[in-house]
Amino acid sequence: MKLDFLDEFKDPYMQTPVGRGVFLAGVVLGYMARCQVEGEKDIASAPLFKQLEFGRLNMKALKKLLARVPQLLAAYRETMKYSGLIAALAAEANGLILKGENQELGVDGNFAFTTGFANASSYFWKIFGKKDGETTE
Amino acid sequence: MGFLQAIWALGDLGGGEGLEPYLKFPLEKEGRVIRVYLDVPDPEAEVLDVRGVARIDVAHFQPEPEMKLKYLYRDRVGSASTWGFTPIHKLGKPKAGRDKNREYLLGKKGDWRRDKDSHFFKIRNKLLLEYEATGTLTSGSADRIMAGLEQKIEAVLDDLDPKQSHIVIFGAAKGGNFLYPGEIPAFVAYFRRKLAEALQGRGCNKGERLVCAICGKASGDLTGLKKVFKFSTDDKVNFAPGLEKERAEASFPICQSCLEKMSGGREHTERKLANASILPGMRLWAIPEAVGEARTPIFTALLKNIEANLEDEHLQSPGEKREERFFTQLARQGDTGLAFHFVCWERNNAQELVHLMVEDVPPERLAFLEARWSETVRCLFGWDNDLRSLDSAIRSLYVTLSRFAGKSEADRQVFRDFALKVISRMLQGEKLPVAAYKKIINARTGKLIFESDSWSSVKESILFAHAWAEFMIRVNDRGEDNEA
């Protein structure tokens with residue numbers, strides 16, 4: 001898991017463990033939402049996507065969603081490739097968020113989550129070593 | 001003084017002499033000119049005795065500097081005025097097809113004498129009649145011209161191009177050639193008379209000892225700055241007491257000589273130092289000023305260099321490159337003792353609305369901003385891209401915020417103002433509002449997603465939004481080695 005690209009971000013929030021955790025949570029959930037549907041263009045109809053309130057997400061809801069990741073991976077076992085990588089990234093995100101001692105998401109958290117979610121596939125493969133575009137499909 | 005001083009200095013350096021500083025081109029870039037060859041026995045006469053129209057043809061608009069004197073054009077004093085400085089009528093973009101164009105010019109039923117919207121009606125009543133009334137044309141000339149126009153206009157209806165702006169220009173036939181208004185003494189004399197009337201102050205300063213606000217010399221013939229800049233208004237009495245109409249000339253009086261230089265400077269800026277593509281619908285001026293004395297060989301050489309660079313880019317790839325690299329070119333003028341003044345304004349009918357005015361921006365600051373943007377782009381988009389110029393940065397902020405604004409015109413206006421606020425702070429070297437920016441983006445992400453037709457454009461918008469937040473943080477995080 002290569003997370004050193006996060007060091008390049010100058011946003012102070014992204015330098016905190018919780019900031020990184022929230023960003024990675026965005027990547028995990030964005031990648032999973034993408035896997036729930038046929039192609040990325042249908043992402044808005046993904047069940048996971050529909051449960052998100054962009055810009056107004058709170059920490060409790062985010063933690064709840066992350067907690068459901070193993071359950072979702074089991075449910076989508078047939079269609080969701082790389083479930084091991086997804087689980088590992090979700091665990092990493094969870095671990096980092098827990099270091100934040102119940103810090104709320106707020107403006108910075110929501111922004112970081114959205115940025116991670118929207119471009120989840122390219123960040124996912126940045127983290128796991130493949131180049132942009134070299135995706136699961 | 002900053003901006004005004006810089007405009008004055010530009011006019012002083014090369015605004016030309018005589019009428020030239022007061023002239024501008026009737027069209028901005030390209031277009032077509034419908035030339036009406038008036039049949040006059042003696043084009044040199046003081047009063048032109050027009051017998052009719054010898055010929056009409058269509059030519060391409062020529063933006064070469066020497067043509068400015070020939071077109072002899074200056075904007076009307078107001079959109080409702082019944083006269084112009086020049087025998088030129090602006091047609092705008094014509095229609096496609098012969099019949100539609102006939103209708104466009106002669107009115108729906110061909111009854112242009114009663115149809116106030118027809119161009120022929122406007123040509124007669126808002127342009128030619130004044131020439132008769134002031135004795136530039138002999139009595140009855142306007143009607144003879146209109147009769148000739150009606151007869152001969154058919155010949156050019158097929159040559160009108162609906163994609164280009166057109167003007168109708170009245171000149172004289174001489175040995176088969178076309179004499180432009182600037183080559184006809186009667187039209188030049190008319191222009192001079194009208195110019196003198198328009199520039200004259202209202203005489204409110206009689207008995208008062210006023211001095212020119214720019215050069216400081218006392219003069220009996222002062223006028224107001226609004227003759228050069230429409231955005232210099234004098235009707236905001238509650239905003240600045242002392243700006244009552246009666247004392248308009250006293251609020252920022254300038255003498256005739258300075259007025260001439262200011263007019264020349266503005267025209268110079270419009271022609272060589274303006275950009276209309278970075279912020280849609282708006283014009284952005286970048287006016288250089290030398291720290292200290294302006295009329296130095298170094299400043300003159302630098303100015304020529306900046307203009308030549310902008311022009312070179314323009315020549316390499318028509319229209320595109322120059323527009324893309326406007327700020328980059330300015331940023332390269334570091335360590336030269338130059339400062340730039342930026343004015344961003346929008347034309348709204350006869351009004352000129354200023355949205356942003358930032359004075360004294362050193363090129364080093366532009367270079368600093370460009371370097372921070374370049375870093376951001378490398379971090380988020382990778383090495384291989386052509387987004388690294390400061391121009392791309394500014395354009396991307398505007399585009400990104402517009403996308404988040406959605407389809408509502410009112411929302412777009414608010415987001416545009418926010419983009420201008422950010423750009424203005426950037427140029428002034430102030431801290432950028434990162435938290436407010438993130439809040440705006442957060443509040444609109446849901447709307448963007450659900451209003452957008454494609455996920456790829458949502459992804460791109462959010463990536464650019466992220467890039468801008470990163471850029472703002474980098475700009476705010478100025479190290480000690482950075483310029484203040």
# chains A, B, ... in the order shown; residues from 1 in each chain; ligands from 1

call {"tool": "interface_residues", "arguments": {"of": "chain B", "to": "chain A", "cutoff": "12 Å", "atoms": "only C-alpha atoms", "output": "short mmCIF file (atom, residue, chain, number, x, y, z; two decimals) with all heavy atoms, in the first residue's frame"}}
result
data_model
loop_
_atom_site.label_atom_id
_atom_site.label_comp_id
_atom_site.auth_asym_id
_atom_site.auth_seq_id
_atom_site.Cartn_x
_atom_site.Cartn_y
_atom_site.Cartn_z
N ARG B 372 3.37 28.24 -8.00
CA ARG B 372 2.53 27.47 -7.06
C ARG B 372 1.49 26.64 -7.83
O ARG B 372 1.21 25.52 -7.50
CB ARG B 372 1.80 28.40 -6.08
CG ARG B 372 2.68 29.18 -5.10
CD ARG B 372 3.42 28.29 -4.12
NE ARG B 372 4.67 27.80 -4.66
CZ ARG B 372 5.80 28.50 -4.72
NH1 ARG B 372 5.85 29.71 -4.24
NH2 ARG B 372 6.89 27.98 -5.27
N GLU B 375 3.17 23.61 -9.41
CA GLU B 375 3.39 22.55 -8.40
C GLU B 375 2.09 21.77 -8.16
O GLU B 375 2.09 20.54 -8.09
CB GLU B 375 3.73 23.18 -7.04
CG GLU B 375 5.15 23.58 -6.83
CD GLU B 375 5.25 24.36 -5.51
OE1 GLU B 375 4.41 24.19 -4.59
OE2 GLU B 375 6.17 25.19 -5.44
N THR B 376 1.00 22.53 -8.02
CA THR B 376 -0.30 21.90 -7.74
C THR B 376 -0.68 20.95 -8.88
O THR B 376 -1.13 19.84 -8.64
CB THR B 376 -1.38 22.99 -7.61
OG1 THR B 376 -0.92 23.98 -6.72
CG2 THR B 376 -2.69 22.42 -7.14
N VAL B 377 -0.48 21.44 -10.09
CA VAL B 377 -0.85 20.64 -11.26
C VAL B 377 -0.01 19.36 -11.30
O VAL B 377 -0.53 18.27 -11.55
CB VAL B 377 -0.65 21.48 -12.55
CG1 VAL B 377 -0.66 20.61 -13.77
CG2 VAL B 377 -1.74 22.53 -12.65
N ARG B 378 1.27 19.50 -11.02
CA ARG B 378 2.15 18.31 -11.01
C ARG B 378 1.67 17.30 -9.97
O ARG B 378 1.63 16.11 -10.22
CB ARG B 378 3.57 18.74 -10.66
CG ARG B 378 4.43 19.00 -11.87
CD ARG B 378 5.91 18.84 -11.54
NE ARG B 378 6.32 19.44 -10.30
CZ ARG B 378 6.78 20.68 -10.17
NH1 ARG B 378 6.87 21.45 -11.23
NH2 ARG B 378 7.17 21.15 -9.02
N CYS B 379 1.26 17.82 -8.81
CA CYS B 379 0.85 16.94 -7.73
C CYS B 379 -0.47 16.22 -8.06
O CYS B 379 -0.60 15.03 -7.81
CB CYS B 379 0.71 17.79 -6.46
SG CYS B 379 -0.12 17.00 -5.11
N LEU B 380 -1.39 16.93 -8.66
CA LEU B 380 -2.72 16.33 -8.86
C LEU B 380 -2.96 15.74 -10.25
O LEU B 380 -3.78 14.85 -10.42
CB LEU B 380 -3.80 17.37 -8.58
CG LEU B 380 -4.17 17.45 -7.10
CD1 LEU B 380 -4.62 18.83 -6.73
CD2 LEU B 380 -5.23 16.44 -6.77
N PHE B 381 -2.29 16.29 -11.24
CA PHE B 381 -2.57 15.83 -12.61
C PHE B 381 -1.38 15.10 -13.23
O PHE B 381 -1.48 14.60 -14.33
CB PHE B 381 -2.94 17.01 -13.52
CG PHE B 381 -4.14 17.79 -13.06
CD1 PHE B 381 -4.02 18.82 -12.15
CD2 PHE B 381 -5.40 17.51 -13.56
CE1 PHE B 381 -5.12 19.55 -11.73
CE2 PHE B 381 -6.51 18.23 -13.15
CZ PHE B 381 -6.36 19.26 -12.23
N GLY B 382 -0.25 15.14 -12.56
CA GLY B 382 0.93 14.49 -13.13
C GLY B 382 1.72 15.47 -13.98
O GLY B 382 1.33 16.61 -14.20
N VAL B 434 -9.65 30.01 1.71
CA VAL B 434 -9.75 28.56 1.51
C VAL B 434 -11.01 27.99 2.17
O VAL B 434 -11.75 27.21 1.56
CB VAL B 434 -8.53 27.82 2.10
CG1 VAL B 434 -8.55 26.37 1.70
CG2 VAL B 434 -7.24 28.47 1.66
N ALA B 435 -11.25 28.40 3.44
CA ALA B 435 -12.39 27.81 4.16
C ALA B 435 -13.70 28.15 3.46
O ALA B 435 -14.56 27.28 3.27
CB ALA B 435 -12.38 28.32 5.59
N ALA B 436 -13.84 29.41 3.06
CA ALA B 436 -15.08 29.81 2.38
C ALA B 436 -15.23 29.05 1.06
O ALA B 436 -16.32 28.62 0.69
CB ALA B 436 -15.04 31.31 2.11
N TYR B 437 -14.10 28.86 0.39
CA TYR B 437 -14.13 28.13 -0.88
C TYR B 437 -14.58 26.69 -0.67
O TYR B 437 -15.46 26.19 -1.36
CB TYR B 437 -12.72 28.18 -1.49
CG TYR B 437 -12.52 27.29 -2.69
CD1 TYR B 437 -12.99 27.67 -3.94
CD2 TYR B 437 -11.88 26.06 -2.58
CE1 TYR B 437 -12.82 26.85 -5.05
CE2 TYR B 437 -11.70 25.24 -3.67
CZ TYR B 437 -12.16 25.64 -4.90
OH TYR B 437 -12.00 24.82 -5.99
N LYS B 438 -14.02 26.03 0.34
CA LYS B 438 -14.40 24.64 0.61
C LYS B 438 -15.88 24.55 0.98
O LYS B 438 -16.58 23.62 0.58
CB LYS B 438 -13.55 24.07 1.74
CG LYS B 438 -12.16 23.64 1.30
CD LYS B 438 -11.47 22.96 2.47
CE LYS B 438 -10.12 22.39 2.10
NZ LYS B 438 -9.46 21.76 3.25
N LYS B 439 -16.35 25.52 1.75
CA LYS B 439 -17.76 25.53 2.16
C LYS B 439 -18.65 25.61 0.93
O LYS B 439 -19.64 24.88 0.82
CB LYS B 439 -18.03 26.76 3.05
CG LYS B 439 -18.06 26.42 4.51
CD LYS B 439 -18.49 27.65 5.29
CE LYS B 439 -18.01 27.52 6.72
NZ LYS B 439 -18.06 28.74 7.46
N ILE B 440 -18.30 26.50 0.02
CA ILE B 440 -19.10 26.68 -1.20
C ILE B 440 -19.12 25.39 -2.00
O ILE B 440 -20.17 24.94 -2.48
CB ILE B 440 -18.51 27.84 -2.06
CG1 ILE B 440 -18.89 29.17 -1.44
CG2 ILE B 440 -18.98 27.76 -3.49
CD1 ILE B 440 -18.44 30.36 -2.25
N ILE B 441 -17.96 24.78 -2.13
CA ILE B 441 -17.87 23.55 -2.92
C ILE B 441 -18.69 22.44 -2.23
O ILE B 441 -19.47 21.74 -2.88
CB ILE B 441 -16.39 23.11 -3.09
CG1 ILE B 441 -15.62 24.17 -3.88
CG2 ILE B 441 -16.28 21.74 -3.75
CD1 ILE B 441 -16.00 24.34 -5.32
N ASN B 442 -18.53 22.30 -0.92
CA ASN B 442 -19.29 21.28 -0.19
C ASN B 442 -20.79 21.46 -0.39
O ASN B 442 -21.52 20.51 -0.64
CB ASN B 442 -19.01 21.38 1.32
CG ASN B 442 -17.73 20.68 1.70
OD1 ASN B 442 -17.19 19.88 0.93
ND2 ASN B 442 -17.22 20.98 2.87
N ALA B 443 -21.22 22.72 -0.26
CA ALA B 443 -22.66 22.99 -0.34
C ALA B 443 -23.22 22.65 -1.72
O ALA B 443 -24.40 22.36 -1.86
CB ALA B 443 -22.92 24.45 -0.01
N ARG B 444 -22.38 22.69 -2.72
CA ARG B 444 -22.87 22.50 -4.08
C ARG B 444 -22.53 21.16 -4.70
O ARG B 444 -22.88 20.91 -5.85
CB ARG B 444 -22.33 23.62 -5.00
CG ARG B 444 -22.92 24.98 -4.69
CD ARG B 444 -24.41 24.88 -4.80
NE ARG B 444 -25.05 26.12 -4.49
CZ ARG B 444 -25.76 26.82 -5.37
NH1 ARG B 444 -25.91 26.37 -6.60
NH2 ARG B 444 -26.35 27.93 -5.01
N THR B 445 -21.79 20.32 -3.99
CA THR B 445 -21.38 19.06 -4.61
C THR B 445 -22.59 18.20 -4.99
O THR B 445 -22.66 17.66 -6.10
CB THR B 445 -20.44 18.27 -3.67
OG1 THR B 445 -19.38 19.13 -3.31
CG2 THR B 445 -19.88 17.04 -4.35
N GLY B 446 -23.54 18.10 -4.06
CA GLY B 446 -24.73 17.29 -4.34
C GLY B 446 -25.46 17.78 -5.57
O GLY B 446 -25.81 17.01 -6.47
N LYS B 447 -25.62 19.08 -5.66
CA LYS B 447 -26.31 19.69 -6.81
C LYS B 447 -25.55 19.39 -8.11
O LYS B 447 -26.14 19.03 -9.12
CB LYS B 447 -26.39 21.19 -6.57
CG LYS B 447 -27.31 21.94 -7.52
CD LYS B 447 -27.36 23.41 -7.07
CE LYS B 447 -27.92 24.31 -8.12
NZ LYS B 447 -29.35 24.20 -8.32
N LEU B 448 -24.22 19.52 -8.02
CA LEU B 448 -23.40 19.26 -9.21
C LEU B 448 -23.62 17.82 -9.69
O LEU B 448 -23.83 17.57 -10.88
CB LEU B 448 -21.92 19.48 -8.88
CG LEU B 448 -20.93 19.03 -9.95
CD1 LEU B 448 -20.83 20.08 -11.05
CD2 LEU B 448 -19.54 18.79 -9.37
N ILE B 449 -23.59 16.89 -8.73
CA ILE B 449 -23.71 15.48 -9.10
C ILE B 449 -25.07 15.19 -9.72
O ILE B 449 -25.18 14.54 -10.75
CB ILE B 449 -23.47 14.58 -7.86
CG1 ILE B 449 -22.00 14.67 -7.45
CG2 ILE B 449 -23.87 13.14 -8.13
CD1 ILE B 449 -21.67 14.04 -6.12
N PHE B 450 -26.11 15.70 -9.10
CA PHE B 450 -27.44 15.33 -9.58
C PHE B 450 -27.89 16.12 -10.80
O PHE B 450 -28.76 15.69 -11.54
CB PHE B 450 -28.46 15.38 -8.44
CG PHE B 450 -28.20 14.29 -7.44
CD1 PHE B 450 -27.66 14.54 -6.20
CD2 PHE B 450 -28.44 12.96 -7.79
CE1 PHE B 450 -27.37 13.52 -5.31
CE2 PHE B 450 -28.15 11.92 -6.91
CZ PHE B 450 -27.61 12.20 -5.66
N GLU B 451 -27.27 17.29 -11.02
CA GLU B 451 -27.65 18.06 -12.22
C GLU B 451 -26.80 17.69 -13.43
O GLU B 451 -27.16 17.99 -14.55
CB GLU B 451 -27.49 19.56 -11.95
CG GLU B 451 -28.72 20.17 -11.30
CD GLU B 451 -28.65 21.69 -11.27
OE1 GLU B 451 -27.66 22.27 -11.74
OE2 GLU B 451 -29.61 22.29 -10.75
N SER B 452 -25.67 17.05 -13.16
CA SER B 452 -24.76 16.79 -14.27
C SER B 452 -25.17 15.54 -15.05
O SER B 452 -25.71 14.59 -14.49
CB SER B 452 -23.35 16.62 -13.71
OG SER B 452 -22.49 16.40 -14.76
N ASP B 453 -24.90 15.58 -16.35
CA ASP B 453 -25.29 14.45 -17.20
C ASP B 453 -24.26 13.33 -17.16
O ASP B 453 -24.58 12.18 -17.41
CB ASP B 453 -25.44 14.91 -18.66
CG ASP B 453 -26.51 15.96 -18.77
OD1 ASP B 453 -27.44 15.88 -17.96
OD2 ASP B 453 -26.41 16.84 -19.64
N SER B 454 -23.01 13.67 -16.90
CA SER B 454 -22.01 12.60 -16.94
C SER B 454 -21.11 12.62 -15.71
O SER B 454 -20.75 13.70 -15.20
CB SER B 454 -21.16 12.73 -18.21
OG SER B 454 -20.20 13.72 -18.03
N TRP B 455 -20.80 11.43 -15.25
CA TRP B 455 -19.95 11.30 -14.07
C TRP B 455 -18.54 11.79 -14.38
O TRP B 455 -17.86 12.35 -13.51
CB TRP B 455 -19.94 9.84 -13.60
CG TRP B 455 -19.06 9.62 -12.40
CD1 TRP B 455 -17.89 8.92 -12.37
CD2 TRP B 455 -19.25 10.11 -11.08
NE1 TRP B 455 -17.35 8.94 -11.11
CE2 TRP B 455 -18.16 9.67 -10.29
CE3 TRP B 455 -20.24 10.89 -10.47
CZ2 TRP B 455 -18.04 9.98 -8.94
CZ3 TRP B 455 -20.10 11.20 -9.12
CH2 TRP B 455 -19.01 10.75 -8.37
N SER B 456 -18.11 11.63 -15.63
CA SER B 456 -16.73 12.05 -15.93
C SER B 456 -16.57 13.56 -15.76
O SER B 456 -15.53 14.04 -15.32
CB SER B 456 -16.31 11.61 -17.33
OG SER B 456 -17.09 12.26 -18.27
N SER B 457 -17.62 14.32 -16.10
CA SER B 457 -17.47 15.77 -15.91
C SER B 457 -17.54 16.12 -14.41
O SER B 457 -16.89 17.07 -13.97
CB SER B 457 -18.50 16.53 -16.73
OG SER B 457 -19.68 16.72 -16.02
N VAL B 458 -18.31 15.34 -13.64
CA VAL B 458 -18.35 15.57 -12.19
C VAL B 458 -16.96 15.32 -11.60
O VAL B 458 -16.42 16.12 -10.82
CB VAL B 458 -19.38 14.63 -11.51
CG1 VAL B 458 -19.29 14.70 -10.00
CG2 VAL B 458 -20.79 14.97 -11.97
N LYS B 459 -16.38 14.18 -12.02
CA LYS B 459 -15.04 13.82 -11.53
C LYS B 459 -14.04 14.93 -11.82
O LYS B 459 -13.26 15.33 -10.96
CB LYS B 459 -14.56 12.58 -12.32
CG LYS B 459 -14.73 11.29 -11.60
CD LYS B 459 -14.47 10.14 -12.51
CE LYS B 459 -13.02 9.98 -12.90
NZ LYS B 459 -12.78 8.76 -13.71
N GLU B 460 -14.12 15.41 -13.07
CA GLU B 460 -13.17 16.45 -13.48
C GLU B 460 -13.37 17.73 -12.65
O GLU B 460 -12.41 18.34 -12.18
CB GLU B 460 -13.37 16.76 -14.97
CG GLU B 460 -12.27 17.61 -15.54
CD GLU B 460 -12.59 18.04 -16.94
OE1 GLU B 460 -13.46 18.91 -17.13
OE2 GLU B 460 -11.99 17.50 -17.86
N SER B 461 -14.64 18.10 -12.46
CA SER B 461 -14.93 19.32 -11.70
C SER B 461 -14.40 19.20 -10.27
O SER B 461 -13.83 20.15 -9.73
CB SER B 461 -16.43 19.58 -11.64
OG SER B 461 -16.93 19.72 -12.92
N ILE B 462 -14.61 18.02 -9.67
CA ILE B 462 -14.16 17.86 -8.28
C ILE B 462 -12.63 17.82 -8.21
O ILE B 462 -12.02 18.35 -7.28
CB ILE B 462 -14.81 16.62 -7.63
CG1 ILE B 462 -16.32 16.87 -7.52
CG2 ILE B 462 -14.21 16.31 -6.26
CD1 ILE B 462 -17.15 15.73 -7.01
N LEU B 463 -12.02 17.25 -9.22
CA LEU B 463 -10.55 17.23 -9.25
C LEU B 463 -10.00 18.67 -9.34
O LEU B 463 -9.06 19.03 -8.64
CB LEU B 463 -10.06 16.40 -10.45
CG LEU B 463 -8.57 16.14 -10.52
CD1 LEU B 463 -8.08 15.37 -9.29
CD2 LEU B 463 -8.21 15.33 -11.78
N PHE B 464 -10.63 19.47 -10.19
CA PHE B 464 -10.19 20.87 -10.30
C PHE B 464 -10.49 21.64 -9.01
O PHE B 464 -9.71 22.51 -8.60
CB PHE B 464 -10.84 21.56 -11.50
CG PHE B 464 -10.01 21.43 -12.74
CD1 PHE B 464 -10.31 20.48 -13.71
CD2 PHE B 464 -8.91 22.24 -12.95
CE1 PHE B 464 -9.53 20.34 -14.85
CE2 PHE B 464 -8.13 22.12 -14.09
CZ PHE B 464 -8.43 21.16 -15.04
N ALA B 465 -11.63 21.32 -8.40
CA ALA B 465 -11.96 21.98 -7.13
C ALA B 465 -10.88 21.67 -6.09
O ALA B 465 -10.43 22.54 -5.35
CB ALA B 465 -13.32 21.51 -6.63
N HIS B 466 -10.45 20.41 -6.08
CA HIS B 466 -9.39 19.98 -5.17
C HIS B 466 -8.09 20.73 -5.50
O HIS B 466 -7.40 21.25 -4.61
CB HIS B 466 -9.20 18.47 -5.31
CG HIS B 466 -8.26 17.89 -4.29
ND1 HIS B 466 -7.85 16.59 -4.32
CD2 HIS B 466 -7.64 18.45 -3.22
CE1 HIS B 466 -7.02 16.37 -3.31
NE2 HIS B 466 -6.88 17.48 -2.63
N ALA B 467 -7.80 20.82 -6.80
CA ALA B 467 -6.58 21.50 -7.23
C ALA B 467 -6.59 22.95 -6.75
O ALA B 467 -5.58 23.47 -6.28
CB ALA B 467 -6.45 21.45 -8.75
N TRP B 468 -7.76 23.58 -6.84
CA TRP B 468 -7.82 24.98 -6.43
C TRP B 468 -7.65 25.15 -4.92
O TRP B 468 -7.02 26.11 -4.47
CB TRP B 468 -9.10 25.65 -6.94
CG TRP B 468 -8.71 26.46 -8.13
CD1 TRP B 468 -8.65 26.03 -9.43
CD2 TRP B 468 -8.20 27.80 -8.13
NE1 TRP B 468 -8.16 27.03 -10.21
CE2 TRP B 468 -7.88 28.11 -9.46
CE3 TRP B 468 -8.00 28.75 -7.15
CZ2 TRP B 468 -7.36 29.35 -9.82
CZ3 TRP B 468 -7.48 29.98 -7.50
CH2 TRP B 468 -7.16 30.28 -8.82
N ALA B 469 -8.20 24.20 -4.16
CA ALA B 469 -8.01 24.28 -2.70
C ALA B 469 -6.52 24.13 -2.38
O ALA B 469 -5.96 24.89 -1.59
CB ALA B 469 -8.82 23.20 -2.00
N GLU B 470 -5.89 23.16 -3.04
CA GLU B 470 -4.45 22.94 -2.84
C GLU B 470 -3.64 24.19 -3.22
O GLU B 470 -2.73 24.59 -2.51
CB GLU B 470 -3.98 21.76 -3.70
CG GLU B 470 -4.13 20.41 -3.04
CD GLU B 470 -3.12 20.21 -1.91
OE1 GLU B 470 -1.94 20.51 -2.10
OE2 GLU B 470 -3.53 19.75 -0.83
N PHE B 471 -4.01 24.77 -4.36
CA PHE B 471 -3.30 25.96 -4.84
C PHE B 471 -3.43 27.11 -3.84
O PHE B 471 -2.45 27.78 -3.50
CB PHE B 471 -3.86 26.35 -6.21
CG PHE B 471 -3.38 27.68 -6.73
CD1 PHE B 471 -2.04 27.87 -7.04
CD2 PHE B 471 -4.25 28.73 -6.93
CE1 PHE B 471 -1.58 29.09 -7.53
CE2 PHE B 471 -3.82 29.96 -7.41
CZ PHE B 471 -2.48 30.13 -7.71
N MET B 472 -4.65 27.30 -3.35
CA MET B 472 -4.89 28.40 -2.40
C MET B 472 -4.03 28.20 -1.15
O MET B 472 -3.45 29.14 -0.62
CB MET B 472 -6.36 28.43 -2.00
CG MET B 472 -7.27 28.97 -3.06
SD MET B 472 -8.94 28.93 -2.39
CE MET B 472 -9.82 29.82 -3.59
N ILE B 473 -3.98 26.95 -0.67
CA ILE B 473 -3.19 26.68 0.53
C ILE B 473 -1.71 26.95 0.26
O ILE B 473 -1.01 27.55 1.06
CB ILE B 473 -3.43 25.22 1.00
CG1 ILE B 473 -4.86 25.10 1.52
CG2 ILE B 473 -2.41 24.80 2.05
CD1 ILE B 473 -5.38 23.70 1.63
N ARG B 474 -1.26 26.55 -0.91
CA ARG B 474 0.15 26.79 -1.26
C ARG B 474 0.45 28.28 -1.36
O ARG B 474 1.51 28.75 -0.97
CB ARG B 474 0.48 26.12 -2.59
CG ARG B 474 0.70 24.63 -2.46
CD ARG B 474 0.62 23.94 -3.80
NE ARG B 474 0.29 22.54 -3.61
CZ ARG B 474 1.16 21.55 -3.69
NH1 ARG B 474 2.42 21.80 -4.00
NH2 ARG B 474 0.80 20.31 -3.48
N VAL B 475 -0.50 29.04 -1.93
CA VAL B 475 -0.30 30.48 -2.05
C VAL B 475 -0.28 31.13 -0.66
O VAL B 475 0.55 31.99 -0.38
CB VAL B 475 -1.40 31.12 -2.94
CG1 VAL B 475 -1.36 32.63 -2.88
CG2 VAL B 475 -1.23 30.66 -4.39
N ASN B 476 -1.19 30.69 0.19
CA ASN B 476 -1.25 31.27 1.54
C ASN B 476 -0.01 30.94 2.37
O ASN B 476 0.39 31.70 3.24
CB ASN B 476 -2.49 30.76 2.29
CG ASN B 476 -3.75 31.39 1.75
OD1 ASN B 476 -3.70 32.33 0.96
ND2 ASN B 476 -4.90 30.87 2.15
N ASP B 477 0.58 29.80 2.04
CA ASP B 477 1.72 29.34 2.81
C ASP B 477 3.01 29.90 2.23
O ASP B 477 3.88 29.19 1.78
CB ASP B 477 1.73 27.80 2.75
CG ASP B 477 2.81 27.22 3.62
OD1 ASP B 477 3.20 27.89 4.57
OD2 ASP B 477 3.27 26.10 3.31
#

call {"tool": "select_by_dssp", "arguments": {"residues": "chain A", "states": "alpha helix (DSSP H)", "output": "JSON, numbers by chain"}}
result
{"A": [17, 18, 19, 20, 21, 22, 23, 24, 25, 26, 27, 28, 29, 30, 31, 32, 33, 34, 35, 36, 47, 48, 49, 50, 59, 60, 61, 62, 63, 64, 65, 66, 67, 69, 70, 71, 72, 73, 74, 75, 83, 84, 85, 86, 87, 88, 89, 90, 91, 92, 93, 94, 95, 96, 97, 98, 106, 107, 108, 109, 110, 111, 112, 113, 114, 115, 116, 117, 118, 120, 121, 122, 123, 124, 125, 126, 127]}

call {"tool": "closest_residue", "arguments": {"among": "A:Asn102, A:Phe113, A:Thr79, A:Gly129", "to": "A:Glu38", "atoms": "only C-alpha atoms"}}
result
A:Thr79

call {"tool": "residues_around", "arguments": {"residues": "B:Leu149", "least_positions_apart": "3", "cutoff": "9 Å", "atoms": "only C-alpha atoms", "output": "PyMOL selection string"}}
result
chain B and resi 36+52-53+55-56+120+144-146+152-154

call {"tool": "residues_around", "arguments": {"residues": "B:Lys100", "least_positions_apart": "4", "cutoff": "12 Å", "atoms": "only C-alpha atoms", "output": "PyMOL selection string"}}
result
chain B and resi 94-96+104-110+157-158+160+162

call {"tool": "select_by_dssp", "arguments": {"residues": "stretch 345-435 of chain B", "states": "strand (DSSP E)", "output": "ChimeraX atom specification"}}
result
/B:345-348,351-361

call {"tool": "atom_distance", "arguments": {"atom1": "atom CA of B:Thr269", "atom2": "atom CA of B:Ala371"}}
result
26.8 Å

call {"tool": "residues_around", "arguments": {"residues": "B:Phe121", "least_positions_apart": "4", "cutoff": "6 Å", "atoms": "only C-alpha atoms", "output": "count of residues only"}}
result
3

call {"tool": "closest_residue", "arguments": {"among": "A:Asn58, A:Leu3, A:Ala75, A:Pro47", "to": "A:Gln15", "atoms": "only C-alpha atoms"}}
result
A:Leu3

call {"tool": "residues_around", "arguments": {"residues": "A:Leu89", "least_positions_apart": "3", "cutoff": "9 Å", "atoms": "only C-alpha atoms", "output": "PyMOL selection string"}}
result
chain A and resi 1+24-25+27-28+84-86+92-94+124+127

call {"tool": "atom_distance", "arguments": {"atom1": "atom CA of B:Gly11", "atom2": "atom CA of B:Ile287"}}
result
11.6 Å

call {"tool": "atom_distance", "arguments": {"atom1": "atom CA of B:Arg395", "atom2": "atom CA of B:Ile278"}}
result
5.4 Å

call {"tool": "closest_residue", "arguments": {"among": "B:Leu195, B:Val47, B:Ala172, B:Leu222", "to": "B:Gly135", "atoms": "only C-alpha atoms"}}
result
B:Val47

call {"tool": "residues_around", "arguments": {"residues": "B:Leu19", "least_positions_apart": "4", "cutoff": "10 Å", "atoms": "only C-alpha atoms", "output": "JSON, numbers by chain"}}
result
{"B": [15, 23, 69, 72, 188, 191, 192, 195, 260, 264]}
